[in-house]
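Structure data follow from data_27.cif (mmCIF, C-alpha atoms, pLDDT in the B column; chains and numbers go by the auth columns):
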data_data
#
loop_
_atom_site.group_PDB
_atom_site.id
_atom_site.type_symbol
_atom_site.label_atom_id
_atom_site.label_comp_id
_atom_site.label_asym_id
_atom_site.label_seq_id
_atom_site.Cartn_x
_atom_site.Cartn_y
_atom_site.Cartn_z
_atom_site.B_iso_or_equiv
_atom_site.auth_seq_id
_atom_site.auth_asym_id
ATOM 1 C CA MET A 1 -3.062 -69.264 10.218 48.00 1 M
ATOM 2 C CA LYS A 2 0.507 -70.387 9.507 53.00 2 M
ATOM 3 C CA GLY A 3 2.066 -68.306 12.277 54.00 3 M
ATOM 4 C CA THR A 4 3.143 -64.761 12.737 57.00 4 M
ATOM 5 C CA THR A 5 5.999 -63.702 10.515 62.00 5 M
ATOM 6 C CA ILE A 6 7.771 -60.403 10.660 71.00 6 M
ATOM 7 C CA VAL A 7 8.651 -58.738 7.391 70.00 7 M
ATOM 8 C CA LYS A 8 12.453 -58.464 7.274 82.00 8 M
ATOM 9 C CA LYS A 9 14.029 -55.056 6.934 89.00 9 M
ATOM 10 C CA PHE A 10 15.792 -54.470 3.594 90.00 10 M
ATOM 11 C CA SER A 11 19.508 -55.061 3.784 91.00 11 M
ATOM 12 C CA PHE A 12 22.041 -54.735 0.986 92.00 12 M
ATOM 13 C CA PRO A 13 25.143 -56.762 1.872 93.00 13 M
ATOM 14 C CA LEU A 14 27.355 -54.697 -0.446 94.00 14 M
ATOM 15 C CA GLU A 15 26.294 -51.321 0.965 94.00 15 M
ATOM 16 C CA LYS A 16 29.640 -50.655 2.649 96.00 16 M
ATOM 17 C CA LEU A 17 31.420 -51.397 -0.626 96.00 17 M
ATOM 18 C CA ARG A 18 28.986 -49.146 -2.517 95.00 18 M
ATOM 19 C CA LEU A 19 29.588 -46.310 -0.051 96.00 19 M
ATOM 20 C CA TRP A 20 33.357 -46.827 -0.220 97.00 20 M
ATOM 21 C CA ARG A 21 33.246 -46.721 -4.021 97.00 21 M
ATOM 22 C CA GLN A 22 31.104 -43.584 -3.856 97.00 22 M
ATOM 23 C CA ARG A 23 33.706 -41.895 -1.648 98.00 23 M
ATOM 24 C CA GLN A 24 36.481 -43.038 -3.989 97.00 24 M
ATOM 25 C CA PHE A 25 34.552 -41.648 -6.956 98.00 25 M
ATOM 26 C CA GLU A 26 34.140 -38.298 -5.194 98.00 26 M
ATOM 27 C CA ALA A 27 37.869 -38.224 -4.351 98.00 27 M
ATOM 28 C CA GLU A 28 38.753 -38.933 -7.995 98.00 28 M
ATOM 29 C CA VAL A 29 36.454 -36.104 -9.132 98.00 29 M
ATOM 30 C CA VAL A 30 38.252 -33.743 -6.724 98.00 30 M
ATOM 31 C CA ARG A 31 41.612 -34.910 -8.079 98.00 31 M
ATOM 32 C CA LEU A 32 40.372 -34.273 -11.634 98.00 32 M
ATOM 33 C CA GLY A 33 39.419 -30.736 -10.631 98.00 33 M
ATOM 34 C CA GLN A 34 42.880 -30.186 -9.198 98.00 34 M
ATOM 35 C CA TYR A 35 44.528 -31.417 -12.392 98.00 35 M
ATOM 36 C CA GLN A 36 42.276 -29.184 -14.488 98.00 36 M
ATOM 37 C CA ALA A 37 43.082 -26.176 -12.286 98.00 37 M
ATOM 38 C CA GLU A 38 46.796 -26.911 -12.652 97.00 38 M
ATOM 39 C CA GLN A 39 46.442 -27.131 -16.438 97.00 39 M
ATOM 40 C CA GLU A 40 44.552 -23.846 -16.553 97.00 40 M
ATOM 41 C CA SER A 41 47.125 -22.161 -14.305 97.00 41 M
ATOM 42 C CA LEU A 42 49.940 -23.240 -16.624 97.00 42 M
ATOM 43 C CA ARG A 43 48.026 -21.960 -19.652 95.00 43 M
ATOM 44 C CA LEU A 44 47.424 -18.591 -18.007 96.00 44 M
ATOM 45 C CA ARG A 45 51.074 -18.288 -16.925 96.00 45 M
ATOM 46 C CA ARG A 46 52.227 -19.008 -20.479 94.00 46 M
ATOM 47 C CA LEU A 47 49.824 -16.418 -21.919 94.00 47 M
ATOM 48 C CA ALA A 48 50.905 -13.836 -19.325 96.00 48 M
ATOM 49 C CA LEU A 49 54.541 -14.496 -20.227 95.00 49 M
ATOM 50 C CA LEU A 50 53.810 -13.957 -23.923 93.00 50 M
ATOM 51 C CA ARG A 51 52.003 -10.687 -23.138 95.00 51 M
ATOM 52 C CA GLU A 52 54.876 -9.513 -20.961 94.00 52 M
ATOM 53 C CA GLU A 53 57.396 -10.374 -23.668 93.00 53 M
ATOM 54 C CA GLU A 54 55.405 -8.398 -26.217 93.00 54 M
ATOM 55 C CA LEU A 55 55.141 -5.390 -23.871 92.00 55 M
ATOM 56 C CA VAL A 56 58.897 -5.350 -23.247 88.00 56 M
ATOM 57 C CA LEU A 57 59.693 -5.645 -26.947 85.00 57 M
ATOM 58 C CA GLN A 58 57.240 -2.853 -27.786 88.00 58 M
ATOM 59 C CA ALA A 59 58.772 -0.667 -25.079 87.00 59 M
ATOM 60 C CA VAL A 60 62.271 -1.214 -26.495 84.00 60 M
ATOM 61 C CA ARG A 61 61.073 -0.545 -30.049 83.00 61 M
ATOM 62 C CA GLY A 62 59.350 2.607 -28.832 86.00 62 M
ATOM 63 C CA LEU A 63 62.566 4.113 -27.501 84.00 63 M
ATOM 64 C CA PRO A 64 63.926 6.907 -29.725 86.00 64 M
ATOM 65 C CA SER A 65 67.452 5.527 -29.613 86.00 65 M
ATOM 66 C CA PRO A 66 67.769 2.252 -27.674 79.00 66 M
ATOM 67 C CA SER A 67 71.199 1.539 -26.268 85.00 67 M
ATOM 68 C CA ALA A 68 73.170 -1.541 -27.171 86.00 68 M
ATOM 69 C CA GLU A 69 72.855 -2.726 -23.587 86.00 69 M
ATOM 70 C CA GLY A 70 69.107 -2.191 -23.655 83.00 70 M
ATOM 71 C CA MET A 71 68.838 -4.098 -26.919 86.00 71 M
ATOM 72 C CA GLN A 72 70.986 -6.914 -25.484 90.00 72 M
ATOM 73 C CA ALA A 73 68.876 -7.053 -22.321 88.00 73 M
ATOM 74 C CA ALA A 74 65.684 -7.149 -24.402 88.00 74 M
ATOM 75 C CA ASP A 75 67.124 -9.919 -26.580 90.00 75 M
ATOM 76 C CA ASN A 76 68.193 -11.904 -23.499 93.00 76 M
ATOM 77 C CA PHE A 77 64.722 -11.451 -22.058 92.00 77 M
ATOM 78 C CA ARG A 78 63.142 -12.552 -25.335 91.00 78 M
ATOM 79 C CA GLN A 79 65.321 -15.686 -25.423 95.00 79 M
ATOM 80 C CA TRP A 80 64.414 -16.454 -21.799 95.00 80 M
ATOM 81 C CA CYS A 81 60.740 -15.973 -22.672 94.00 81 M
ATOM 82 C CA VAL A 82 61.048 -18.446 -25.555 94.00 82 M
ATOM 83 C CA ARG A 83 62.646 -21.055 -23.253 96.00 83 M
ATOM 84 C CA GLU A 84 60.185 -20.425 -20.444 95.00 84 M
ATOM 85 C CA SER A 85 57.235 -20.528 -22.842 94.00 85 M
ATOM 86 C CA ALA A 86 58.465 -23.871 -24.201 95.00 86 M
ATOM 87 C CA ARG A 87 58.864 -25.187 -20.640 96.00 87 M
ATOM 88 C CA LEU A 88 55.376 -24.014 -19.691 96.00 88 M
ATOM 89 C CA ASP A 89 53.961 -25.472 -22.913 94.00 89 M
ATOM 90 C CA ALA A 90 55.532 -28.863 -22.125 96.00 90 M
ATOM 91 C CA SER A 91 54.185 -28.694 -18.573 97.00 91 M
ATOM 92 C CA GLU A 92 50.765 -27.786 -19.927 96.00 92 M
ATOM 93 C CA ARG A 93 50.814 -30.793 -22.288 97.00 93 M
ATOM 94 C CA GLU A 94 51.801 -33.050 -19.378 97.00 94 M
ATOM 95 C CA ALA A 95 48.971 -31.583 -17.307 97.00 95 M
ATOM 96 C CA ALA A 96 46.574 -32.239 -20.204 97.00 96 M
ATOM 97 C CA ARG A 97 47.766 -35.844 -20.274 98.00 97 M
ATOM 98 C CA ARG A 98 47.087 -36.151 -16.515 98.00 98 M
ATOM 99 C CA VAL A 99 43.636 -34.624 -16.979 98.00 99 M
ATOM 100 C CA ALA A 100 42.801 -37.098 -19.750 98.00 100 M
ATOM 101 C CA ALA A 101 44.058 -40.046 -17.690 98.00 101 M
ATOM 102 C CA GLN A 102 42.143 -38.852 -14.625 98.00 102 M
ATOM 103 C CA ARG A 103 38.962 -38.523 -16.677 98.00 103 M
ATOM 104 C CA GLN A 104 39.300 -42.252 -17.423 98.00 104 M
ATOM 105 C CA VAL A 105 39.791 -42.975 -13.716 98.00 105 M
ATOM 106 C CA VAL A 106 36.672 -40.943 -12.887 98.00 106 M
ATOM 107 C CA LEU A 107 34.714 -42.751 -15.592 98.00 107 M
ATOM 108 C CA GLU A 108 35.740 -46.163 -14.236 97.00 108 M
ATOM 109 C CA ALA A 109 34.950 -45.098 -10.669 97.00 109 M
ATOM 110 C CA ARG A 110 31.519 -43.858 -11.787 97.00 110 M
ATOM 111 C CA ARG A 111 30.833 -47.163 -13.521 97.00 111 M
ATOM 112 C CA GLY A 112 31.735 -49.054 -10.333 96.00 112 M
ATOM 113 C CA VAL A 113 29.347 -46.952 -8.268 96.00 113 M
ATOM 114 C CA GLU A 114 26.576 -47.209 -10.849 97.00 114 M
ATOM 115 C CA ALA A 115 26.937 -50.999 -11.110 96.00 115 M
ATOM 116 C CA LEU A 116 26.520 -51.416 -7.365 96.00 116 M
ATOM 117 C CA GLN A 117 23.657 -48.914 -7.298 96.00 117 M
ATOM 118 C CA LEU A 118 21.864 -50.855 -10.046 97.00 118 M
ATOM 119 C CA LEU A 119 22.380 -54.077 -8.116 96.00 119 M
ATOM 120 C CA LYS A 120 21.052 -52.432 -4.950 95.00 120 M
ATOM 121 C CA ASP A 121 18.017 -51.082 -6.826 96.00 121 M
ATOM 122 C CA ARG A 122 17.337 -54.513 -8.312 96.00 122 M
ATOM 123 C CA ARG A 123 17.628 -56.183 -4.893 94.00 123 M
ATOM 124 C CA LEU A 124 15.356 -53.544 -3.348 95.00 124 M
ATOM 125 C CA LYS A 125 12.762 -54.160 -6.044 95.00 125 M
ATOM 126 C CA GLU A 126 12.943 -57.921 -5.418 93.00 126 M
ATOM 127 C CA TRP A 127 12.708 -57.354 -1.658 92.00 127 M
ATOM 128 C CA ARG A 128 9.654 -55.127 -2.095 93.00 128 M
ATOM 129 C CA ALA A 129 7.956 -57.741 -4.270 93.00 129 M
ATOM 130 C CA ALA A 130 8.700 -60.481 -1.714 90.00 130 M
ATOM 131 C CA SER A 131 7.641 -58.217 1.145 89.00 131 M
ATOM 132 C CA ASP A 132 4.378 -57.329 -0.615 90.00 132 M
ATOM 133 C CA LYS A 133 3.703 -61.004 -1.261 91.00 133 M
ATOM 134 C CA GLU A 134 4.423 -61.880 2.372 88.00 134 M
ATOM 135 C CA THR A 135 2.149 -59.067 3.553 87.00 135 M
ATOM 136 C CA GLU A 136 -0.626 -60.306 1.268 89.00 136 M
ATOM 137 C CA GLU A 137 -0.230 -63.836 2.673 87.00 137 M
ATOM 138 C CA ILE A 138 -0.389 -62.517 6.249 87.00 138 M
ATOM 139 C CA VAL A 139 -3.525 -60.517 5.452 89.00 139 M
ATOM 140 C CA ALA A 140 -5.084 -63.544 3.729 90.00 140 M
ATOM 141 C CA ASP A 141 -4.295 -65.701 6.773 87.00 141 M
ATOM 142 C CA LEU A 142 -5.809 -63.093 9.106 88.00 142 M
ATOM 143 C CA VAL A 143 -8.949 -62.839 6.994 88.00 143 M
ATOM 144 C CA ALA A 144 -9.255 -66.650 6.870 87.00 144 M
ATOM 145 C CA ALA A 145 -8.747 -66.859 10.648 86.00 145 M
ATOM 146 C CA ARG A 146 -11.387 -64.183 11.247 86.00 146 M
ATOM 147 C CA TRP A 147 -13.871 -65.977 9.031 87.00 147 M
ATOM 148 C CA ALA A 148 -13.097 -69.231 10.831 84.00 148 M
ATOM 149 C CA VAL A 149 -13.793 -67.574 14.186 83.00 149 M
ATOM 150 C CA GLN A 150 -16.985 -65.958 12.911 80.00 150 M
ATOM 151 C CA GLY A 151 -18.066 -69.189 11.278 68.00 151 M
ATOM 152 C CA ASP A 152 -17.918 -71.119 14.557 63.00 152 M
#
Show this structure as structure tokens.
Amino acid sequence: MKGTTIVKKFSFPLEKLRLWRQRQFEAEVVRLGQYQAEQESLRLRRLALLREEELVLQAVRGLPSPSAEGMQAADNFRQWCVRESARLDASEREAARRVAAQRQVVLEARRGVEALQLLKDRRLKEWRAASDKETEEIVADLVAARWAVQGD
């Protein structure tokens, strides 16, 4: 028998890095969700503004004899709605740009995590093969030692 050897426990030296990258990936996914929520909020605000503008204009048109001041107020409101809608539309496009950019960040973060996970899986497979081989050698040595004792 060659001597007693203890099978080493599996250890992945890059585990802390893998876990850090996993946390970074999760944080980037959360950030993406925030950007998407912001984009959706802007879209809904713009649509609500358009509905409100239409309701006000319909109300003014529905008056039997709208006053000049009422017409002026409605026109001012309509002009404000056009400006505000354009502002919200620009903000929504900027939010869409941030969402698209963040999707790329999430994709890159996912790739980093997956690369380390693949490396860990490969190392674990190699460790298992080496561990199995070492166990087989230990068993073979024990069997040979037993036969040697019985043969005496």
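We find CA of Arg123 in chain M and CA of Pro13 in chain M to be spaced 10.1 Å apart.
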For this session: Can you pull out every residue within 9 Å of range 83-85 of chain M, counting all atoms listed in the file, but drop anything in the same chain fewer than 5 positions away, and send it as a PyMOL selection string?
Result: chain M and resi 45-47+49-50+78+90
Problem set entry | Surrounding residues of Glu134 in chain M excluding itself and chain neighbours under 3 positions, 12 Å, all atoms listed in the file, as an MDAnalysis selection string | chainID M and resid 2 4:8 127:131 137:141
For this session: Quick one: everything within 10 Å of range 74-76 of chain M, counting all atoms listed in the file, minus sequence neighbours fewer than 5 positions away in the same chain. Send it as a list in words.
Result: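 Contacts, in chain order: Glu53, Val56, Leu57, Ala59, Val60, Arg61, Ala68, Glu69, Cys81 and Val82 of chain M.
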Please save C-alpha atoms of the selected residues as a PDB file, keeping the file's coordinate frame.
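Result file follows (out_3.pdb):
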ATOM      1  CA  GLU M  53      57.396 -10.374 -23.668  1.00 93.00           C
ATOM      2  CA  VAL M  56      58.897  -5.350 -23.247  1.00 88.00           C
ATOM      3  CA  LEU M  57      59.693  -5.645 -26.947  1.00 85.00           C
ATOM      4  CA  ALA M  59      58.772  -0.667 -25.079  1.00 87.00           C
ATOM      5  CA  VAL M  60      62.271  -1.214 -26.495  1.00 84.00           C
ATOM      6  CA  ARG M  61      61.073  -0.545 -30.049  1.00 83.00           C
ATOM      7  CA  ALA M  68      73.170  -1.541 -27.171  1.00 86.00           C
ATOM      8  CA  GLU M  69      72.855  -2.726 -23.587  1.00 86.00           C
ATOM      9  CA  CYS M  81      60.740 -15.973 -22.672  1.00 94.00           C
ATOM     10  CA  VAL M  82      61.048 -18.446 -25.555  1.00 94.00           C
TER      11      VAL M  82
END
For this session: Report the residues retrieved by the PyMOL selection byres ((chain M and resi 18) around 9) from the displayed file, expressed as a VMD selection string.
Result: chain M and resid 14 to 17 19 to 23 112 to 114 116 to 117 120
For this session: Could you tell me how far CA of Gln79 in chain M lies from CA of Glu38 in chain M, in Å and to one decimal?
Result: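 Straight-line distance from CA of Gln79 in chain M to CA of Glu38 in chain M works out to 25.1 Å.
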For this session: Would you mind listing what lies within 12 Å of Ser91 in chain M as an NGL selection string, with only C-alpha atoms counted and same-chain residues fewer than 4 positions away left out?
Result: :M and (35 or 38-43 or 45-46 or 84-87 or 95-98)
Problem set entry | Interatomic distance (Å, one decimal) between CA of Asp89 in chain M and CA of Phe77 in chain M |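 Spanning CA of Asp89 in chain M to CA of Phe77 in chain M is a straight-line distance of 17.7 Å.
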Extending 4 Å beyond the listed atoms of range 39-51 of chain M on each side, what axis-aligned box results? I want centre and edge lengths in Å to one decimal, as AutoDock Vina command-line options.
--center_x 49.5 --center_y -18.9 --center_z -19.1 --size_x 18.0 --size_y 24.4 --size_z 17.6
Exercise. With distances taken over all atoms listed in the file, which of M:Val105, M:Leu63, M:Val149, M:Leu119 is nearest to Val30 in chain M?
Worked result: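 Using all atoms listed in the file, Val30 in chain M sits closest to M:Val105.
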Exercise. Hey, which of M:Ala109, M:Val29, M:Met71, M:Ala37 ends up closest to Glu92 in chain M? Count all atoms listed in the file.
Worked result: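 Going through M:Ala109, M:Val29, M:Met71, M:Ala37 one by one, the smallest distance to Glu92 in chain M is for M:Ala37.
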